[in-house]
Amino acid sequence: MIALGERAQLVDEPMPRQFKIVVEKHPDGYVAYPLGLKGVVVGDGDTYDEALADVKSAIQFHIETFGAEALPADSSVLEAFIAEASIPMYLGVKPGWTLRR
């Protein structure tokens, strides 16, 4: 049997939740963001560990601010993949276009 004081202590403990976090290395530092969380949450830092700590803090703040609505309703991300893709970028006139004045 659990005494009332013990029961209250069990209820007050936060429930841990796992998130997959992407950490990108850039020339000027690291950027980290979670997958599967509703909204925009980003952390950064000069090192991998700083960016990871920053995004974990940002995730906690985001959930405390927006509550259960910030959490995905369906199952969490099982795996994450990184792919490279070539996308045509037309920064001016597209081939075949005619300029008119």
# chains A, B, ... in the order shown; residues from 1 in each chain; ligands from 1
>>> residues_around(residues="Tyr48 (chain A)", least_positions_apart="5", cutoff="12 Å", atoms="only C-alpha atoms", output="PDB file with C-alpha atoms, in the first residue's frame")
ATOM      1  CA  ILE A  21      16.591  15.185 -32.730  1.00  0.00           C
ATOM      2  CA  VAL A  22      18.466  16.240 -35.851  1.00  0.00           C
ATOM      3  CA  VAL A  23      21.738  18.062 -35.212  1.00  0.00           C
ATOM      4  CA  GLU A  24      23.280  19.834 -38.192  1.00  0.00           C
ATOM      5  CA  LYS A  25      26.857  21.081 -38.336  1.00  0.00           C
ATOM      6  CA  HIS A  26      27.291  24.446 -40.070  1.00  0.00           C
ATOM      7  CA  ASP A  28      29.399  28.868 -37.731  1.00  0.00           C
ATOM      8  CA  GLY A  29      28.087  26.257 -35.268  1.00  0.00           C
ATOM      9  CA  TYR A  30      25.416  23.624 -34.764  1.00  0.00           C
ATOM     10  CA  VAL A  31      21.627  23.714 -35.179  1.00  0.00           C
ATOM     11  CA  ALA A  32      19.294  21.119 -33.653  1.00  0.00           C
ATOM     12  CA  GLY A  43      18.291  25.050 -30.638  1.00  0.00           C
ATOM     13  CA  ALA A  53      21.180  21.006 -24.603  1.00  0.00           C
ATOM     14  CA  ASP A  54      19.609  24.130 -26.113  1.00  0.00           C
ATOM     15  CA  VAL A  55      17.027  22.212 -28.160  1.00  0.00           C
TER      16      VAL A  55
END
>>> residues_around(residues="Phe66 (chain A)", least_positions_apart="6", cutoff="12 Å", atoms="only C-alpha atoms", output="PyMOL selection string")
chain A and resi 37-41+58-60
>>> write_last_selection(atoms="C-alpha atoms", output="compact mmCIF listing (two decimals), in the first residue's frame")
# COMPACT_ATOMS: atom_id res chain seq x y z
CA LEU A 37 6.78 17.84 -32.58
CA LYS A 38 4.05 20.26 -33.69
CA GLY A 39 5.35 23.78 -34.15
CA VAL A 40 8.83 25.15 -34.66
CA VAL A 41 11.46 24.30 -32.07
CA ALA A 58 13.43 24.56 -26.07
CA ILE A 59 11.38 21.35 -26.33
CA GLN A 60 10.58 21.46 -22.62
>>> atom_distance(atom1="CA of Ala83 (chain A)", atom2="CA of Val42 (chain A)")
20.7 Å
>>> atom_distance(atom1="CA of Leu52 (chain A)", atom2="CA of Gly36 (chain A)")
16.3 Å
>>> closest_residue(among="A:Ile87, A:Leu35, A:Met15, A:Ile82", to="Ala70 (chain A)", atoms="only C-alpha atoms")
A:Leu35
>>> select_by_dssp(residues="region 27-100 of chain A", states="strand (DSSP E)", output="list in words")
Gly29, Tyr30, Val31, Ala32, Tyr33, Pro34, Gly43, Asp44 and Gly45 of chain A
>>> closest_residue(among="A:Leu71, A:Phe61, A:Phe81, A:Ala51", to="Gln18 (chain A)", atoms="only C-alpha atoms")
A:Leu71
>>> closest_residue(among="A:Ile63, A:Phe19, A:Asp46, A:Pro27", to="Leu78 (chain A)", atoms="only C-alpha atoms")
A:Phe19
